[in-house]
>>> print(open('coords17.txt').read())   # compact mmCIF, C-alpha atoms
# COMPACT_ATOMS: atom_id res chain seq x y z
CA MET A 633 43.77 5.79 34.16
CA ALA A 634 42.14 8.47 32.01
CA ASP A 635 43.16 6.55 28.89
CA GLU A 636 41.45 3.41 30.19
CA ASP A 637 38.24 5.33 30.94
CA LEU A 638 38.36 6.99 27.55
CA GLU A 639 38.87 3.62 25.85
CA ALA A 640 35.91 2.13 27.77
CA ILE A 641 33.68 5.03 26.72
CA ARG A 642 34.80 4.60 23.11
CA ARG A 643 34.01 0.88 23.18
CA GLN A 644 30.61 1.53 24.74
CA ARG A 645 29.80 4.21 22.16
CA MET A 646 30.95 1.95 19.31
CA ALA A 647 28.72 -0.85 20.60
CA GLU A 648 25.76 1.55 20.77
CA LEU A 649 26.36 2.73 17.21
CA GLN A 650 26.67 -0.81 15.89
CA ALA A 651 23.47 -1.83 17.67
CA LYS A 652 21.69 1.22 16.32
CA HIS A 653 22.78 0.58 12.73
CA GLY A 654 22.07 -3.13 13.05
CA ASP A 655 18.50 -2.36 14.17
CA HIS A 656 18.09 0.07 11.29
CA SER A 657 19.02 -2.55 8.72
CA SER A 658 16.73 -5.11 10.35
CA ASP A 659 13.88 -2.55 10.17
CA GLN A 660 14.51 -2.15 6.46
CA GLN A 661 14.56 -5.90 6.00
CA GLY A 662 11.32 -6.17 7.97
CA GLN A 663 9.69 -3.53 5.78
CA GLN A 664 10.87 -5.27 2.63
CA GLU A 665 9.58 -8.61 3.87
CA ALA A 666 6.21 -7.08 4.79
CA LYS A 667 5.97 -5.46 1.37
CA GLN A 668 6.84 -8.76 -0.31
CA ARG A 669 4.22 -10.63 1.76
CA GLU A 670 1.61 -8.02 0.82
CA THR A 671 2.50 -8.37 -2.87
CA GLU A 672 2.28 -12.16 -2.67
CA MET A 673 -1.08 -11.93 -0.90
CA ARG A 674 -2.43 -9.53 -3.54
CA ASN A 675 -1.24 -11.83 -6.31
CA SER A 676 -2.83 -14.88 -4.72
CA VAL A 677 -6.16 -13.07 -4.26
CA LEU A 678 -6.07 -11.82 -7.84
CA ALA A 679 -5.22 -15.33 -9.06
CA GLN A 680 -8.39 -16.57 -7.39
CA LEU A 681 -10.51 -13.72 -8.80
CA LEU A 682 -9.29 -13.51 -12.42
CA ASP A 683 -9.00 -16.08 -15.17
CA GLN A 684 -5.79 -16.40 -17.19
CA SER A 685 -6.64 -13.95 -19.98
CA ALA A 686 -7.85 -11.30 -17.51
CA ARG A 687 -4.64 -11.65 -15.49
CA ALA A 688 -2.60 -11.24 -18.68
CA ARG A 689 -4.52 -8.09 -19.57
CA LEU A 690 -4.05 -6.67 -16.08
CA SER A 691 -0.32 -7.40 -16.11
CA ASN A 692 0.00 -5.70 -19.51
CA LEU A 693 -1.85 -2.70 -18.11
CA ALA A 694 0.51 -2.66 -15.13
CA LEU A 695 3.47 -2.32 -17.49
CA VAL A 696 1.97 0.68 -19.25
CA LYS A 697 -0.01 2.40 -16.49
CA PRO A 698 0.97 1.08 -13.06
CA ASP A 699 -1.23 3.53 -11.16
CA LYS A 700 -4.36 2.52 -13.08
CA ALA A 701 -3.55 -1.17 -12.66
CA LYS A 702 -3.10 -0.64 -8.92
CA ALA A 703 -6.49 1.11 -8.76
CA VAL A 704 -8.16 -1.79 -10.60
CA GLU A 705 -6.48 -4.31 -8.30
CA ASN A 706 -7.64 -2.40 -5.22
CA TYR A 707 -11.17 -2.22 -6.67
CA LEU A 708 -11.23 -5.96 -7.32
CA ILE A 709 -9.90 -6.85 -3.88
CA GLN A 710 -12.39 -4.52 -2.22
CA MET A 711 -15.29 -6.04 -4.17
CA ALA A 712 -14.10 -9.53 -3.23
CA ARG A 713 -13.96 -8.62 0.46
CA ILE A 714 -17.50 -7.27 0.35
CA GLY A 715 -18.64 -10.36 -1.53
CA GLN A 716 -19.92 -8.67 -4.68
CA LEU A 717 -17.94 -10.88 -7.04
CA GLY A 718 -19.42 -14.20 -8.03
CA GLY A 719 -16.91 -16.54 -9.63
CA LYS A 720 -13.89 -15.73 -11.72
CA ILE A 721 -13.79 -12.56 -13.77
CA THR A 722 -13.22 -13.05 -17.48
CA GLU A 723 -11.37 -10.72 -19.79
CA ALA A 724 -14.64 -9.11 -20.91
CA GLY A 725 -15.59 -8.48 -17.28
CA LEU A 726 -12.20 -6.94 -16.61
CA ILE A 727 -12.63 -4.67 -19.64
CA GLU A 728 -15.93 -3.43 -18.19
CA ILE A 729 -14.24 -2.75 -14.85
CA LEU A 730 -11.42 -0.93 -16.63
CA GLU A 731 -13.95 1.27 -18.42
CA LYS A 732 -15.65 2.11 -15.10
CA VAL A 733 -12.34 3.02 -13.50
CA SER A 734 -11.36 5.08 -16.56
CA GLN A 735 -14.62 7.03 -16.39
CA GLN A 736 -14.11 7.72 -12.70
CA THR A 737 -10.55 8.91 -13.15
CA GLU A 738 -11.09 10.68 -16.47
CA LYS A 739 -9.27 13.99 -16.64
CA LYS A 740 -10.81 16.93 -18.37
CA THR A 741 -8.26 18.87 -20.36
CA THR A 742 -8.89 22.46 -21.22
CA VAL A 743 -6.83 24.75 -23.34
CA LYS A 744 -6.97 28.45 -22.72
CA PHE A 745 -5.44 30.92 -25.13
CA ASN A 746 -4.15 34.15 -23.67
CA ARG A 747 -3.59 36.45 -26.58
CA ARG A 748 -1.48 39.47 -26.14
CA ARG A 749 -3.15 42.70 -27.00
CA VAL A 750 0.00 44.70 -27.62
CA MET A 751 -0.05 46.55 -30.93
CA ASP A 752 -3.06 44.51 -32.00
CA SER A 753 -5.81 47.02 -31.83
CA ASP A 754 -8.16 47.24 -34.80
CA GLU A 755 -9.52 50.56 -33.67
CA GLU A 756 -6.35 52.43 -34.46
CA ASP A 757 -6.16 51.78 -38.19
CA ASP A 758 -4.32 54.87 -39.35
CA ASP A 759 -3.43 54.46 -42.99
>>> encode(input="coords17.txt", output="structure tokens")
Amino acid sequence: MADEDLEAIRRQRMAELQAKHGDHSSDQQGQQEAKQRETEMRNSVLAQLLDQSARARLSNLALVKPDKAKAVENYLIQMARIGQLGGKITEAGLIEILEKVSQQTEKKTTVKFNRRRVMDSDEEDDD
């Protein structure tokens, strides 16, 4: 009788584990599908906003600097939602937007030299 109870508990636990892992994989699939839908939506909005040459430039930028391309895409989508964009953006217009984004995210690089002062004193010139 103890073996039967033990076997029932094992089956119940196995069913719980399978349900738990099955839900986990469906959550991952749901996240992937949501991400894919978001990407498709972004692409469709950008297709409406940009002409062919501007889209080509933006895709080339995405290959080299994905973070900057993502920032430009977000900027364009935000402007479209507000209603500040009138008509399709040409390549020249995209270049202007890229310059604005570059100026906003421009990093200042500074170089600081720390020179060691060991055995480098000019005051102690003993010839």
>>> closest_residue(input="coords17.txt", among="A:Met711, A:Leu726, A:Ala703, A:Val733", to="A:Ala688", atoms="all atoms listed in the file")
A:Leu726
>>> closest_residue(input="coords17.txt", among="A:Ser685, A:Phe745, A:Val677, A:Leu730", to="A:Ala701", atoms="all atoms listed in the file")
A:Leu730
>>> closest_residue(input="coords17.txt", among="A:Asn675, A:Gln664, A:Gln736, A:Thr742", to="A:Leu690", atoms="only C-alpha atoms")
A:Asn675
>>> atom_distance(input="coords17.txt", atom1="atom CA of A:Glu665", atom2="atom CA of A:Pro698")
21.3 Å
>>> residues_around(input="coords17.txt", residues="A:Ile721", least_positions_apart="3", cutoff="10 Å", atoms="all atoms listed in the file", output="PyMOL selection string")
chain A and resi 678+680-687+708+717-718+724-727+729
>>> atom_distance(input="coords17.txt", atom1="atom CA of A:Ser734", atom2="atom CA of A:Gly715")
22.7 Å
>>> atom_distance(input="coords17.txt", atom1="atom CA of A:Arg674", atom2="atom CA of A:Lys697")
17.8 Å
>>> closest_residue(input="coords17.txt", among="A:Ala647, A:Leu695, A:Lys732, A:Lys720", to="A:Tyr707", atoms="all atoms listed in the file")
A:Lys732
